[in-house]
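Visitor: Dropping in upload_27.cif, which is mmCIF, C-alpha atoms (C1' of nucleotides):
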```cif
data_target
#
loop_
_atom_site.label_atom_id
_atom_site.label_comp_id
_atom_site.auth_asym_id
_atom_site.auth_seq_id
_atom_site.Cartn_x
_atom_site.Cartn_y
_atom_site.Cartn_z
CA MET L 1 0.00 0.00 0.00
CA THR L 2 2.58 2.51 1.05
CA ALA L 3 6.11 2.97 -0.07
CA ARG L 4 6.17 1.15 -3.35
CA THR L 5 9.38 1.52 -5.21
CA ALA L 6 9.40 3.27 -8.50
CA LEU L 7 12.98 2.19 -8.91
CA SER L 8 14.12 -0.80 -10.87
CA PRO L 9 16.23 -3.04 -8.65
CA GLU L 10 18.50 -4.37 -11.38
CA PRO L 11 21.01 -1.48 -11.38
CA VAL L 12 21.18 -1.78 -7.61
CA HIS L 13 21.91 -5.49 -7.86
CA HIS L 14 24.94 -4.91 -10.01
CA THR L 15 26.30 -1.91 -8.18
CA LEU L 16 25.88 -3.36 -4.72
CA THR L 17 27.25 -6.83 -5.42
CA SER L 18 30.19 -5.28 -7.24
CA TRP L 19 30.86 -3.11 -4.20
CA TYR L 20 30.67 -6.13 -1.94
CA HIS L 21 33.36 -7.99 -3.83
CA ARG L 22 35.86 -5.26 -3.13
CA ALA L 23 34.69 -3.96 0.25
CA ALA L 24 33.59 -7.04 2.19
CA ARG L 25 35.18 -7.76 5.55
CA ASP L 26 37.20 -10.92 5.83
CA LEU L 27 35.21 -12.76 8.49
CA PRO L 28 36.06 -16.37 9.40
CA TRP L 29 32.53 -17.69 8.86
CA ARG L 30 32.62 -16.29 5.32
CA ARG L 31 35.71 -18.22 4.29
CA GLU L 32 35.29 -20.87 1.68
CA ASP L 33 36.45 -23.59 4.06
CA CYS L 34 34.01 -22.71 6.84
CA SER L 35 31.60 -25.55 7.56
CA ALA L 36 27.83 -25.20 7.60
CA TRP L 37 28.00 -25.81 11.32
CA GLY L 38 30.40 -22.88 11.62
CA VAL L 39 27.91 -20.72 9.75
CA LEU L 40 25.05 -21.80 12.02
CA VAL L 41 27.15 -21.08 15.12
CA SER L 42 28.02 -17.64 13.80
CA GLU L 43 24.44 -16.79 12.87
CA THR L 44 23.20 -17.82 16.30
CA MET L 45 25.85 -15.76 18.07
CA LEU L 46 25.15 -12.80 15.81
CA GLN L 47 21.48 -12.68 16.80
CA GLN L 48 21.51 -9.30 18.57
CA THR L 49 25.24 -9.32 19.24
CA PRO L 50 27.76 -7.25 17.21
CA VAL L 51 30.45 -8.91 15.07
CA ALA L 52 33.36 -7.58 17.12
CA ARG L 53 32.18 -9.33 20.26
CA VAL L 54 31.26 -12.55 18.48
CA LEU L 55 34.64 -13.11 16.81
CA PRO L 56 36.66 -14.42 19.79
CA ARG L 57 33.76 -16.51 21.13
CA TRP L 58 33.19 -18.09 17.72
CA GLU L 59 36.85 -19.00 17.39
CA GLU L 60 36.88 -20.66 20.81
CA TRP L 61 33.60 -22.48 20.18
CA MET L 62 34.76 -23.89 16.85
CA ARG L 63 38.12 -24.89 18.30
CA ARG L 64 36.40 -26.91 21.03
CA TRP L 65 33.39 -28.21 19.18
CA PRO L 66 34.06 -28.23 15.42
CA GLU L 67 31.16 -30.59 14.66
CA PRO L 68 27.54 -30.67 15.82
CA ALA L 69 28.24 -33.99 17.57
CA ASP L 70 30.95 -32.32 19.66
CA THR L 71 28.54 -29.64 20.80
CA ALA L 72 25.81 -32.16 21.47
CA GLN L 73 27.99 -34.05 23.92
CA ALA L 74 29.53 -31.08 25.73
CA PRO L 75 28.52 -30.32 29.33
CA LEU L 76 26.10 -27.42 29.35
CA ALA L 77 28.24 -25.72 31.98
CA GLU L 78 31.08 -25.55 29.46
CA ILE L 79 28.76 -24.36 26.72
CA LEU L 80 27.58 -21.46 28.87
CA THR L 81 31.10 -20.63 30.02
CA VAL L 82 32.44 -20.39 26.48
CA TRP L 83 29.37 -18.35 25.54
CA ASP L 84 30.57 -15.97 28.23
CA ARG L 85 29.03 -12.52 27.97
CA LEU L 86 27.54 -12.69 24.52
CA GLY L 87 24.16 -12.19 26.14
CA TYR L 88 20.84 -14.02 25.83
CA PRO L 89 22.29 -17.33 27.08
CA ARG L 90 19.14 -19.14 26.02
CA ARG L 91 20.68 -18.91 22.56
CA ALA L 92 23.58 -21.09 23.76
CA LEU L 93 21.14 -23.56 25.24
CA ARG L 94 19.17 -23.74 22.00
CA LEU L 95 22.32 -24.02 19.92
CA GLN L 96 23.25 -27.14 21.83
CA GLN L 97 19.68 -28.41 21.45
CA ALA L 98 20.01 -27.75 17.74
CA ALA L 99 23.22 -29.78 17.71
CA VAL L 100 21.42 -32.66 19.41
CA ALA L 101 18.60 -32.45 16.86
CA ILE L 102 21.12 -32.42 14.01
CA VAL L 103 22.73 -35.58 15.36
CA GLU L 104 19.42 -37.31 15.98
CA ARG L 105 17.49 -36.27 12.90
CA HIS L 106 20.15 -35.50 10.30
CA GLY L 107 23.01 -37.87 11.01
CA GLY L 108 25.21 -35.13 12.43
CA GLN L 109 25.13 -33.03 9.25
CA VAL L 110 23.52 -29.59 9.17
CA PRO L 111 20.45 -29.96 6.93
CA GLN L 112 20.30 -27.97 3.70
CA ASP L 113 16.55 -27.72 3.48
CA VAL L 114 15.27 -24.39 4.76
CA ASP L 115 12.23 -25.96 6.43
CA GLN L 116 14.39 -28.50 8.22
CA LEU L 117 16.68 -25.69 9.33
CA ARG L 118 13.73 -23.67 10.52
CA ALA L 119 12.60 -26.61 12.67
CA LEU L 120 15.83 -26.57 14.71
CA PRO L 121 15.71 -24.99 18.18
CA GLY L 122 16.69 -21.32 18.10
CA VAL L 123 16.50 -21.13 14.30
CA GLY L 124 13.89 -18.67 13.06
CA GLU L 125 13.04 -17.27 9.66
CA TYR L 126 16.21 -15.22 9.34
CA THR L 127 18.71 -17.84 10.51
CA ALA L 128 17.19 -20.61 8.39
CA ALA L 129 17.42 -18.49 5.25
CA ALA L 130 20.90 -17.26 6.14
CA VAL L 131 22.33 -20.77 6.62
CA ALA L 132 20.63 -22.05 3.48
CA CYS L 133 22.10 -19.15 1.52
CA PHE L 134 25.53 -18.60 3.06
CA ALA L 135 26.42 -22.23 3.79
CA PHE L 136 24.63 -24.01 0.95
CA ASP L 137 24.40 -21.34 -1.77
CA GLN L 138 20.63 -21.54 -2.00
CA PRO L 139 18.94 -18.32 -3.18
CA GLU L 140 16.64 -17.84 -0.17
CA VAL L 141 15.39 -14.35 0.62
CA VAL L 142 17.31 -13.22 3.71
CA VAL L 143 15.94 -10.33 5.76
CA ASP L 144 17.66 -9.06 8.86
CA THR L 145 17.68 -5.68 10.55
CA ASN L 146 20.37 -4.35 8.20
CA ILE L 147 18.56 -5.48 5.08
CA ARG L 148 15.26 -4.04 6.26
CA ARG L 149 16.94 -0.69 6.72
CA VAL L 150 18.78 -0.81 3.38
CA HIS L 151 15.55 -1.70 1.59
CA ALA L 152 13.63 1.00 3.41
CA ARG L 153 16.10 3.62 2.25
CA ILE L 154 16.98 2.52 -1.27
CA PHE L 155 13.53 1.40 -2.40
CA SER L 156 10.99 2.98 -0.04
CA GLY L 157 12.68 6.31 0.54
CA GLN L 158 12.29 6.07 4.28
CA ALA L 159 14.90 6.79 6.91
CA LEU L 160 14.17 3.71 9.01
CA PRO L 161 12.04 0.59 8.60
CA GLY L 162 10.35 0.74 11.99
CA LYS L 163 10.49 -1.76 14.79
CA THR L 164 8.46 -4.70 13.54
CA PHE L 165 9.07 -6.84 10.49
CA THR L 166 5.86 -6.37 8.52
CA ALA L 167 4.31 -8.36 5.71
CA GLU L 168 4.85 -5.30 3.53
CA GLN L 169 8.57 -5.43 4.17
CA ARG L 170 8.69 -9.14 3.42
CA ARG L 171 6.92 -8.47 0.14
CA LEU L 172 9.36 -5.71 -0.75
CA ALA L 173 12.31 -8.00 -0.04
CA ARG L 174 10.86 -10.58 -2.43
CA ASP L 175 10.05 -7.96 -5.04
CA VAL L 176 13.58 -6.62 -5.22
CA PHE L 177 15.25 -10.04 -4.96
CA PRO L 178 17.33 -11.05 -7.99
CA ASP L 179 15.96 -13.86 -10.14
CA PRO L 180 16.99 -17.00 -8.22
CA GLN L 181 17.11 -19.03 -11.42
CA ALA L 182 19.15 -16.61 -13.47
CA ASP L 183 22.62 -17.90 -12.70
CA GLY L 184 22.09 -20.77 -10.30
CA GLY L 185 21.29 -18.31 -7.54
CA GLN L 186 24.75 -16.85 -7.33
CA LEU L 187 23.67 -13.23 -7.75
CA ALA L 188 20.80 -13.71 -5.31
CA CYS L 189 23.07 -15.06 -2.59
CA THR L 190 25.60 -12.28 -3.09
CA TRP L 191 22.74 -9.77 -3.00
CA ASN L 192 21.77 -10.97 0.47
CA ILE L 193 25.23 -10.66 1.94
CA ALA L 194 25.97 -7.43 0.09
CA ALA L 195 22.85 -5.72 1.45
CA MET L 196 23.73 -6.87 4.95
CA GLU L 197 27.28 -5.63 4.56
CA LEU L 198 26.15 -2.26 3.25
CA GLY L 199 23.88 -1.89 6.27
CA ALA L 200 26.71 -2.83 8.60
CA LEU L 201 29.44 -0.66 7.09
CA ILE L 202 27.81 2.24 5.21
CA CYS L 203 24.05 2.42 5.54
CA THR L 204 24.08 2.38 9.32
CA ALA L 205 21.11 3.26 11.46
CA ARG L 206 22.43 6.35 13.20
CA SER L 207 24.74 8.18 10.85
CA PRO L 208 24.92 6.63 7.39
CA ALA L 209 28.02 7.35 5.31
CA CYS L 210 26.14 8.30 2.17
CA SER L 211 29.20 9.98 0.69
CA ALA L 212 30.87 6.57 0.61
CA CYS L 213 27.79 4.68 -0.56
CA PRO L 214 28.01 2.92 -3.93
CA VAL L 215 24.27 3.26 -4.54
CA ALA L 216 23.74 6.80 -3.25
CA LYS L 217 22.67 7.97 -6.70
CA LEU L 218 20.03 5.24 -6.85
CA CYS L 219 18.75 5.61 -3.29
CA ALA L 220 15.14 6.76 -2.97
CA TRP L 221 15.74 8.16 0.50
CA ARG L 222 18.74 10.15 -0.71
CA LEU L 223 16.84 11.36 -3.77
CA ALA L 224 14.03 12.52 -1.47
CA GLY L 225 16.47 14.69 0.46
CA SER L 226 17.17 12.24 3.28
CA PRO L 227 14.12 13.07 5.39
CA PRO L 228 14.58 12.27 9.09
CA PRO L 229 12.83 9.30 10.70
CA THR L 230 9.30 9.82 11.92
CA GLU L 231 8.44 9.27 15.56
CA GLU L 232 6.80 6.04 14.48
CA GLN L 233 10.01 4.83 12.90
CA LYS L 234 12.20 5.58 15.88
CA THR L 235 12.83 2.52 18.01
CA ARG L 236 12.49 2.81 21.72
CA GLY L 237 15.57 1.41 23.37
CA GLN L 238 15.26 -1.23 26.02
CA SER L 239 15.99 -0.10 29.55
CA TRP L 240 18.68 -2.02 31.34
CA VAL L 241 19.54 -0.87 34.85
CA GLY L 242 17.34 -2.59 37.38
CA THR L 243 15.69 -4.97 34.94
CA ASP L 244 15.29 -8.71 35.37
CA ARG L 245 17.66 -9.11 32.44
CA GLN L 246 20.40 -7.37 34.36
CA VAL L 247 19.78 -9.51 37.44
CA ARG L 248 19.71 -12.71 35.40
CA GLY L 249 22.97 -11.63 33.78
CA ALA L 250 24.59 -11.03 37.16
CA ILE L 251 23.51 -14.46 38.38
CA MET L 252 24.88 -16.15 35.27
CA ALA L 253 28.15 -14.23 35.60
CA ALA L 254 28.49 -15.43 39.19
CA LEU L 255 27.79 -19.03 38.20
CA ARG L 256 30.34 -18.89 35.38
CA THR L 257 33.14 -18.29 37.88
CA GLY L 258 32.86 -21.99 38.58
CA GLY L 259 31.78 -24.57 41.12
CA THR L 260 28.58 -24.33 43.07
CA THR L 261 27.29 -21.51 45.20
CA ALA L 262 25.05 -21.65 48.23
CA ARG L 263 21.72 -20.26 47.12
CA ASP L 264 21.68 -17.54 49.78
CA ASP L 265 25.30 -16.53 49.16
CA LEU L 266 24.49 -16.22 45.49
CA LEU L 267 21.38 -14.12 45.99
CA TYR L 268 22.85 -11.79 48.58
CA GLY L 269 26.27 -11.53 46.98
CA LEU L 270 25.30 -10.26 43.57
CA PRO L 271 27.22 -7.09 42.67
CA LEU L 272 24.14 -5.03 41.90
CA PRO L 273 23.05 -1.56 42.96
CA SER L 274 19.55 -2.69 43.81
CA ALA L 275 18.95 -5.03 46.74
CA ASP L 276 15.51 -6.24 45.69
CA LEU L 277 15.55 -9.78 47.07
CA ASP L 278 12.19 -10.69 45.58
CA GLN L 279 13.50 -9.81 42.16
CA ARG L 280 16.64 -11.84 42.69
CA GLN L 281 14.65 -14.89 43.74
CA ARG L 282 12.29 -14.50 40.82
CA CYS L 283 15.18 -14.26 38.37
CA LEU L 284 16.93 -17.29 39.83
CA GLU L 285 13.70 -19.27 39.53
CA SER L 286 13.38 -18.20 35.90
CA LEU L 287 16.94 -19.34 35.17
CA LEU L 288 16.26 -22.69 36.82
CA ALA L 289 13.06 -23.00 34.78
CA ASP L 290 14.97 -22.15 31.60
CA GLY L 291 17.51 -24.86 32.34
CA LEU L 292 20.32 -22.31 32.52
CA ALA L 293 21.03 -23.08 36.18
CA GLU L 294 20.67 -26.11 38.38
CA GLN L 295 19.90 -26.55 42.07
CA ARG L 296 21.05 -29.48 44.18
CA GLU L 297 20.24 -29.29 47.87
CA ALA L 298 20.67 -25.58 48.63
CA ARG L 299 23.45 -25.04 46.11
CA ILE L 300 23.25 -23.50 42.66
CA ALA L 301 25.48 -24.27 39.70
CA LEU L 302 25.59 -24.23 35.94
CA PRO L 303 23.84 -27.35 34.60
CA GLY L 304 26.20 -30.30 34.54
CA ALA L 305 28.90 -28.45 36.41
CA HIS L 306 31.31 -30.61 38.36
CA PRO L 307 30.36 -30.36 42.05
CA MET L 308 32.92 -28.47 44.11
CA CYS L 309 33.63 -29.40 47.69
"C1'" DA G 1 1.50 -7.37 17.34
"C1'" DA G 2 3.98 -7.01 21.59
"C1'" DA G 3 6.77 -8.33 25.38
"C1'" DG G 4 10.82 -10.59 27.35
"C1'" DC G 5 15.43 -11.77 26.92
"C1'" DG G 6 22.17 -9.36 27.72
"C1'" DG G 7 25.62 -6.61 27.38
"C1'" DG G 8 28.86 -3.44 25.71
"C1'" DG G 9 30.39 0.49 23.17
"C1'" DC G 10 29.78 4.76 20.96
"C1'" DG G 11 28.05 9.61 19.95
"C1'" DC R 1 22.57 8.52 28.90
"C1'" DG R 2 20.00 7.00 24.63
"C1'" DC R 3 20.58 4.12 20.95
"C1'" DC R 4 22.02 0.16 18.37
"C1'" DC R 5 23.41 -4.65 17.31
"C1'" DA R 6 23.41 -10.97 11.27
"C1'" DG R 7 16.49 -12.44 16.30
"C1'" DC R 8 13.81 -16.08 18.62
"C1'" DT R 9 10.07 -17.63 21.50
"C1'" DT R 10 5.96 -17.03 23.81
"C1'" DT R 11 1.64 -14.83 24.66
#
```
Could you quickly redo this structure as structure tokens?

Guide:
Amino acid sequence: MTARTALSPEPVHHTLTSWYHRAARDLPWRREDCSAWGVLVSETMLQQTPVARVLPRWEEWMRRWPEPADTAQAPLAEILTVWDRLGYPRRALRLQQAAVAIVERHGGQVPQDVDQLRALPGVGEYTAAAVACFAFDQPEVVVDTNIRRVHARIFSGQALPGKTFTAEQRRLARDVFPDPQADGGQLACTWNIAAMELGALICTARSPACSACPVAKLCAWRLAGSPPPTEEQKTRGQSWVGTDRQVRGAIMAALRTGGTTARDDLLYGLPLPSADLDQRQRCLESLLADGLAEQREARIALPGAHPMC
DNA sequence: AAAGCGGGGCG
DNA sequence: CGCCCAGCTTT
């Protein structure tokens, strides 16, 4: 209904993929010799966590557990320790569950089919398409936060795509997608990664580097005079201090130091400004319910952690 | 469609 | 101190 592009996408395809070939970062999960499992690990870690912080954790993870079967057999305590402070530790839990499912259902090999990928724990629409495309060269339409923003600017002439991924945006992504059958899907796959890379390096959310942008002359937002985002398009940042997420993070950080901790010592000893004991108990209960912590007697530990005397 | 879920770094 | 980051799951 709104924001239909009047622009033909073909010139953008060529210009952007050409730019990608000379400007792309050399990331380990993009190397030709990276396994599909390595791609899945990277995509999971990159869900809401920036590249710079993922890099060392990915290297350590792949060194320890280079195959899904290795991850499936690892103690969860080790999984969560290597995950360290990447955030959202339920992702680490689900990544191990995905490894178990890959061993049980797919003979230890990451499936190529996008629907089978999508059925793995922690793998949603984005990650399934990304693994299918980046690991198996299948021309699936990939849409992440970068691509939504790049599309919004180049084709819709809007400063920002807004918070939610709408059906309209999904339609736009399909409309501007290169013909998957044209060249065996090669252009389509490069289009995905090139749009993501442009969003990460040039077409950033806050202060885009339009002067360095290869498609500035084709960009509908630029051609419209770069109008600022509307109030509707601005995303409201999550609060942090005092939230359950902060308390859960502090508990996990304490548990990662190793061994077991008396429940009361854990709850009272958290290095937090707030002393809300009810909140601390509630958060510990939620971590136990998630399977991210374990209680034996009155002691708390990471699941599968070796008991300490 | 909206809420909950981490954590750090940068303007 | 607000905002952003290769999202997923649940309601």

Visitor: For the file shown, what are the residues hit by the PyMOL selection byres ((chain R) within 7 of (chain L)), laid out as a VMD selection string?

Guide: chain R and resid 3 5 to 8

Visitor: List the neighbours of Arg296 in chain L out to 10 Å using only C-alpha atoms (C1' of nucleotides); skip same-chain residues closer than 2 positions along the sequence, and give me the result as a list of chain:residue names.

Guide: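 Near neighbours after the sequence-gap exclusion: L:Thr260, L:Ala262, L:Arg263, L:Glu294, L:Ala298, L:Arg299, L:Ile300, L:Ala301, L:Pro307.
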
Visitor: Would you write out, as an MDAnalysis selection string, every residue that the PyMOL selection byres ((chain G and resi 5) around 10) captures in this file?

Guide: (chainID L and resid 87:91 244:246 248) or (chainID G and resid 3:4 6) or (chainID R and resid 8:9)

Visitor: From the options L:Leu120, L:Ala220, L:Ala194, L:Ala128, which residue's atoms come nearest to Arg25 in chain L, counting all atoms listed in the file?

Guide: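 The closest residue to Arg25 in chain L is L:Ala194.
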
Visitor: May I have the protein, DNA and RNA residues with any atom at most 12 Å from the point (19.2, -21.4, 1.8), counting all atoms listed in the file, written as a PyMOL selection string?

Guide: chain L and resi 36+39-40+110-118+125-142+180+185-186+188-189+192

Visitor: For the atom pair CA of Thr164 in chain L and CA of Arg148 in chain L, what is the interatomic distance in Å to one decimal place?

Guide: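 Separation between CA of Thr164 in chain L and CA of Arg148 in chain L: 10.0 Å.
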
Visitor: For chain G, which residue among L:Met62, L:Ile202, L:Leu86, L:Val150 is the nearest when counting only C-alpha atoms (C1' of nucleotides)?

Guide: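 Of all the options, L:Leu86 lies closest to chain G.
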
Visitor: Could you check how far CA of Arg170 in chain L sits from CA of Ala152 in chain L, in Å to one decimal?

Guide: 11.3 Å

Visitor: In Å, with one decimal, what is the gap from CA of Ser18 in chain L to CA of Ser207 in chain L?

Guide: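 Rounded to one decimal, the two atoms are 23.2 Å apart.
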
Visitor: List as a PyMOL selection string the protein and nucleic acid residues near Ala74 in chain L, meaning an atom at most 10 Å away when only C-alpha atoms (C1' of nucleotides) are counted, but skip any in the same chain fewer than 2 places from it.

Guide: chain L and resi 64-65+69-72+76-79+96+304

Visitor: Taking all atoms listed in the file into account, which of L:Leu80, L:Leu187, L:Ile154, L:Leu267 comes nearest Leu292 in chain L?

Guide: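 Of L:Leu80, L:Leu187, L:Ile154, L:Leu267, the one nearest Leu292 in chain L, counting all atoms listed in the file, is L:Leu80.
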
Visitor: Counting only C-alpha atoms (C1' of nucleotides), I want the residues whose atoms come within 6 Å of (30.3, -26.2, 13.9) in the file frame, returned as an MDAnalysis selection string.

Guide: chainID L and resid 37:38 62 66:68

Visitor: Taking into account all atoms listed in the file, which residue in the set L:His106, L:His306, L:Arg153, L:Arg53 is nearest to chain G?

Guide: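 Closest to chain G of all the choices is L:Arg53.
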